[in-house]
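To start, the structure under review is shown below, and the notes come after it.
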Amino acid sequence: MSTLTHPPATEASTTTTPPALAPQPVQLTTAREINPRVLAAWSRFKYAGLRFADVTGLSFLPPILRLLDGEETAKQWREIVRTLFVPAAAFALFLFAWTVVAPHHRTKSGVVPTPSAVWDAAQSIWAFHEREGKKESAYLMSGDERSTWLTAARERLTKLEPYEQAASRAVAEATVANQQSVESKIAPLVAQRKELEESIASAQQARLAAMETQQAALPSASVETKEAFLAAVRAHQEATEAERLELQQLDAKIQTARDRVDARLNGAKRTQTAIAEERQYLATLVDQLDGANQESKLDREISQLRNNQRDFLASAGSDILPAAMRVVQSERRINAVRESNYAKPWTLPMQIARSVACVFFGFAIGSLIAIPVGVLCGLSPTFMSAMTPFIALFKPVSPIVWLPIALIIVGGFIPDPNNNGMLSFLEALPLIGWMKINPAFIASAVTVALCSLWATLVNTALGVASVDKDYLNVARVLQLNFRDRLFKIIIPSALPLIFTGLRISLGVGWMVLIAGELLSSSEGIGKFVWDQFNNGASDSFAKMIVVVFIVGVIGLILDRLMVICQRLVSFDNSGLQV
Amino acid sequence: MSSRDQRYVELFQVGKTYPNAVGDPFTVVEEFDLIMRRGDVVSLIGHSGCGKSTVLSMVAGLNETSRGSIAIGGREISGPGPDRAVVFQAPCLMPWLTAYQNVRLGVDRVYPHATSAERHEVCEYYLAAVGLGDCLYRLPSELSGGMQQRVGIARAIALKPRLLLLDEPFGRLDSITRMELQDVILRTLDRESITTLLVTHDVDEALYMSDRVCMMTSGPRARIGQLLELPFCKPRQREAVLEHPLYYDLRACLVSFLEEQDTQRGRLQEVEFVSRIQQEVETLVENEVVRSPSPQVANSTTELAVVN
């Protein structure tokens, strides 16, 4: 309270407080005086927030909460600057440097994309995902909803037409303008090249003529003169080479100038592409709502069935059997259409979900192996020394080596993926069925497990082996049996270290998974990157950079989750090393 | 008292020698003889490092004896067990268990045939007895050092041990908490009359808590230097003990013994002093002035090593 009564002048002199925020605590003070219930609710909220920040390690939260409470304003501002503004400023600086540097680096796949291009790519990834979702629902749509959607889509298509024309006009104009500017830039260079060519030709001719006259007098000349002639020939060769290089450099310069596309043309092309994409999307959507729609297909098939049934009833003699066959075939087709679904391609959000599922699957396999083995290693030095060669030998093996082996072994267990009981069972499950778990998925998960289990194993062994002697003495005095000693003393005491290991394992697993998917072509983030690399579209590069950020953010979230788990199980506060 | 109760705890020629990789084996304790009556509270006092805790952990079974034997209730011990509960210097509570669960851990072990409700009652009773009736479900990290040690005491006493071993249980506490806990233990001992061995280096604590004080010589090769029977009445009242006419003499006797262990001088005067004090105690005890239970002449079983 005393801090609140300070005159604003002293506060401004000691801190960087913007004046706009200074009155806030004062308002709170009046609220405090008026309504104690509000105060109580606020303080509950504040302490809940502080606890949350403590568990999650979000260090910028406490100073904000304390600042709102008017607690040591100057100190809180310093903390906010340190925990929030400084990282934000560093990131802004990074973005700025990126924007400045990126356009200057040309690669085979075009210029390195700027942050804005990456943002556009992210939006286009998301638009693709949403559109595919709409197409899928359009296929299954029926009745009034279908017709309203259909009208809306058709309206949008007609509306798009003038835009499309305008866009192609703009592209044509921009191409011409670009052409002109390129020509005007190239003209002096072309002239320069011509001049250079001429001067080179005349120089070469002059040198040749000189050598020919020397050659006439050569047979009777002295050895020295002959040697001088050889030197002249050598010099001529070198000069010719140098002139050729000069010409090549000039040609390259002209080519780059010719390739240069100005911003206007780029923008026009981008607009045109966006419109074309939307048009294509709308066309497919209309098709899914109209001709290819499940309901309309069913209608067609049902009317066909009716006809066949009528034919069957009316037929006589040897026609009966073929007519009956047609009826049955129609029935079968109807069933097939009922069960059919839109063939939705994989979109990045779906691939992300599949990757996360895969990493947790592999992590679970690895932990189920590593924790029991680690406990045994910690309990028995003999077992530990039996395991040491395996740990030492297999720990450094790269995922790139494990993956093909895992693929072969998993393939051995699942020889026919299309006709496998376990896989079809998994596909029928509600939440993970759409992920289409296949041998490549399992092999990637096994690779994750093989690469990530070591950290958990070693940390578990260490945790179990280094249980405080005092606790073990208590267990001895109480003569606890083995089970109680293990589950009541040893494992709880080792839990913080076990979770440290699990945290490292999950981080390793996430890194390994992306590489594994890239190699095994298991649908996921790695596959997306690989597809983009092979695709070579104008925004592929930008999409790959989008993936960099997505992988980073998901890795961060996974790490945070593990930190929270670690904080919740650790009885001392040792878990908070971020 | 039957003869078995007279010799309830017996340490006979107990010794501990640690092997030394680069020299002669290192003998910490040698020829340690002690006999405790049932219900007796005996303090082991000596300089730090003299082997007090080694003796205690050998009695607890946590540390094997190199020579000699230890018997309780006429049966020789082997290994640790819940019949000899230990209160360690550090509370040694499992930090992931609540105060209640920590006590329950041992109770489950000692009362295997009791119902869950009975065990619950036992835990509650002993936690209430040490003054933690309203902190049953708190984690050790939420308790102060003194409260943690109370849980440790409750855990030990709830085992209904035949012998309670206290290894400098107040060593890490401030003096006010220490006095509180001394009273907590004394009250519990008065109620349950558990035979107790207390290791301490605090002279006042030894005088206040115990029936007999066993002074150890400084190690290596530590042994019993002196046994001192205390004349204070039970149940102990701190004021009564402090105002007792012999209190300061007994205290001076202990202090001078410990000092003498430092200097190894004035040994003869020391012996005279101790035996003079002891004589006074004996006269008092014989006249049944101070002690309520039937008095035993001090050192009836164990001779004063120094006197010999």
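Identifiers in this document derive from the order of the structure tokens: chains are assigned A, B, ..., residues are numbered from 1 separately in each chain, and ligands are numbered from 1 in order of occurrence.
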>> Can you tell me, as a PyMOL selection string, which residues in region 46-250 of chain B count as alpha helix (DSSP H) by DSSP?
In response: chain B and resi 52-60+99-110+116-129+145-157+175-192+203-209+238-243+247-250
> Within 12 Å of chain A, which residues of chain B show up when using only C-alpha atoms, listed as a PyMOL selection string?
Replying inline: chain B and resi 57+59-63+78-98+101-112+139-142+152+155-156+158-161+164-165
>> Residues near Leu258 (chain B), anyone? I mean within 9 Å using only C-alpha atoms, not counting same-chain ones fewer than 6 positions away, as an MDAnalysis selection string.
In response: chainID B and resid 45:47 215:218
>> Could you list, as a VMD selection string, every residue within 8 Å of region 55-65 of chain A, counting only C-alpha atoms and ignoring same-chain residues fewer than 2 positions away?
In response: chain A and resid 46 49 to 53 67 to 69 76 to 77 79 to 80 83 to 84 560 563 to 564 567 to 568 576 578
> Please, what distance in Å, to one decimal, runs between CA of Ser3 (chain B) and CA of Leu228 (chain B)?
Replying inline: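 Taking CA of Ser3 (chain B) and CA of Leu228 (chain B), their separation equals 21.5 Å.
For Asp40 (chain B), the list of residues within 9 Å, based on only C-alpha atoms and with local chain neighbours fewer than 3 positions off taken out, reads Met36, Arg37, Ser193, Ile194, Thr195, Thr196, Leu197, Ser210, Asp211 and Arg212 of chain B.
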Same residues, N, CA and C atoms, saved as a PDB file, in the first residue's frame:
```pdb
ATOM      1  N   MET B  36      21.800 -52.757  30.494  1.00  0.00           N
ATOM      2  CA  MET B  36      20.702 -51.829  30.766  1.00  0.00           C
ATOM      3  C   MET B  36      19.532 -52.597  31.345  1.00  0.00           C
ATOM      4  N   ARG B  37      18.922 -51.988  32.394  1.00  0.00           N
ATOM      5  CA  ARG B  37      17.713 -52.579  32.956  1.00  0.00           C
ATOM      6  C   ARG B  37      16.535 -52.245  32.062  1.00  0.00           C
ATOM      7  N   SER B 193       7.233 -46.360  29.101  1.00  0.00           N
ATOM      8  CA  SER B 193       8.445 -46.939  29.734  1.00  0.00           C
ATOM      9  C   SER B 193       9.203 -47.846  28.770  1.00  0.00           C
ATOM     10  N   ILE B 194       9.776 -47.201  27.747  1.00  0.00           N
ATOM     11  CA  ILE B 194      10.582 -47.921  26.765  1.00  0.00           C
ATOM     12  C   ILE B 194      12.045 -47.796  27.173  1.00  0.00           C
ATOM     13  N   THR B 195      12.757 -48.890  27.124  1.00  0.00           N
ATOM     14  CA  THR B 195      14.191 -48.852  27.366  1.00  0.00           C
ATOM     15  C   THR B 195      14.841 -48.018  26.264  1.00  0.00           C
ATOM     16  N   THR B 196      15.680 -47.077  26.661  1.00  0.00           N
ATOM     17  CA  THR B 196      16.162 -46.106  25.681  1.00  0.00           C
ATOM     18  C   THR B 196      17.659 -45.912  25.795  1.00  0.00           C
ATOM     19  N   LEU B 197      18.306 -45.862  24.641  1.00  0.00           N
ATOM     20  CA  LEU B 197      19.718 -45.494  24.589  1.00  0.00           C
ATOM     21  C   LEU B 197      19.826 -44.180  23.848  1.00  0.00           C
ATOM     22  N   SER B 210      18.264 -38.765  31.300  1.00  0.00           N
ATOM     23  CA  SER B 210      18.572 -40.179  31.508  1.00  0.00           C
ATOM     24  C   SER B 210      18.623 -40.572  32.981  1.00  0.00           C
ATOM     25  N   ASP B 211      18.560 -41.884  33.190  1.00  0.00           N
ATOM     26  CA  ASP B 211      18.735 -42.435  34.524  1.00  0.00           C
ATOM     27  C   ASP B 211      20.204 -42.664  34.818  1.00  0.00           C
ATOM     28  N   ARG B 212      20.927 -42.998  33.770  1.00  0.00           N
ATOM     29  CA  ARG B 212      22.356 -43.216  33.935  1.00  0.00           C
ATOM     30  C   ARG B 212      23.088 -42.559  32.779  1.00  0.00           C
TER      31      ARG B 212
END
```
> Just asking: which residues within region 136-301 of chain B are strand (DSSP E) according to DSSP, as a ChimeraX atom specification?
Replying inline: /B:163-167,195-200,212-216,224-229
> Excluding same-chain residues fewer than 5 positions from Val14 (chain B), what lies within 7 Å of it counting only C-alpha atoms, as a PyMOL selection string?
Replying inline: chain B and resi 30-33+65+67-69
Next, the residues of the selection above should be written as an mmCIF file, in the first residue's frame with N, CA and C atoms.
```cif
data_model
loop_
_atom_site.group_PDB
_atom_site.id
_atom_site.type_symbol
_atom_site.label_atom_id
_atom_site.label_comp_id
_atom_site.auth_asym_id
_atom_site.auth_seq_id
_atom_site.Cartn_x
_atom_site.Cartn_y
_atom_site.Cartn_z
ATOM 1 N N GLU B 30 36.285 -50.398 21.455
ATOM 2 C CA GLU B 30 36.904 -51.641 21.903
ATOM 3 C C GLU B 30 36.344 -52.001 23.267
ATOM 4 N N GLU B 31 36.102 -53.271 23.463
ATOM 5 C CA GLU B 31 35.698 -53.805 24.777
ATOM 6 C C GLU B 31 34.645 -52.949 25.435
ATOM 7 N N PHE B 32 33.567 -52.763 24.692
ATOM 8 C CA PHE B 32 32.488 -51.918 25.207
ATOM 9 C C PHE B 32 31.491 -52.812 25.930
ATOM 10 N N ASP B 33 31.376 -52.606 27.233
ATOM 11 C CA ASP B 33 30.444 -53.410 28.040
ATOM 12 C C ASP B 33 29.375 -52.507 28.602
ATOM 13 N N THR B 65 29.004 -55.701 14.185
ATOM 14 C CA THR B 65 30.069 -55.653 15.193
ATOM 15 C C THR B 65 31.249 -56.465 14.671
ATOM 16 N N ARG B 67 33.631 -57.511 16.977
ATOM 17 C CA ARG B 67 33.837 -58.456 18.081
ATOM 18 C C ARG B 67 32.707 -58.302 19.075
ATOM 19 N N GLY B 68 32.550 -59.294 19.930
ATOM 20 C CA GLY B 68 31.584 -59.192 20.993
ATOM 21 C C GLY B 68 30.170 -59.436 20.503
ATOM 22 N N SER B 69 29.227 -59.299 21.435
ATOM 23 C CA SER B 69 27.854 -59.558 21.042
ATOM 24 C C SER B 69 26.896 -58.629 21.753
#
```
>> My list of candidates is B:Cys253, B:Ala129, B:Val41, B:Cys233. Which is closest to Leu166 (chain B) when distances are computed with only C-alpha atoms?
In response: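 Among B:Cys253, B:Ala129, B:Val41, B:Cys233, it is B:Val41 that comes nearest to Leu166 (chain B).
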>> So that I can check the surroundings of region 250-255 of chain A, please list as number ranges by chain every protein, DNA and RNA residue that reaches within 12 Å of it, counting only C-alpha atoms and ignoring chain neighbours fewer than 2 positions away.
In response: A: 182-197, 243-248, 257-260
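Between CA of Glu161 (chain A) and CA of Tyr281 (chain A) the separation is 13.9 Å.
Compared by their closest atoms to Gly374 (chain A), and using only C-alpha atoms, the residues A:Ile408, A:Ile491, A:Ala206, A:Val171 rank with A:Ile491 nearest.
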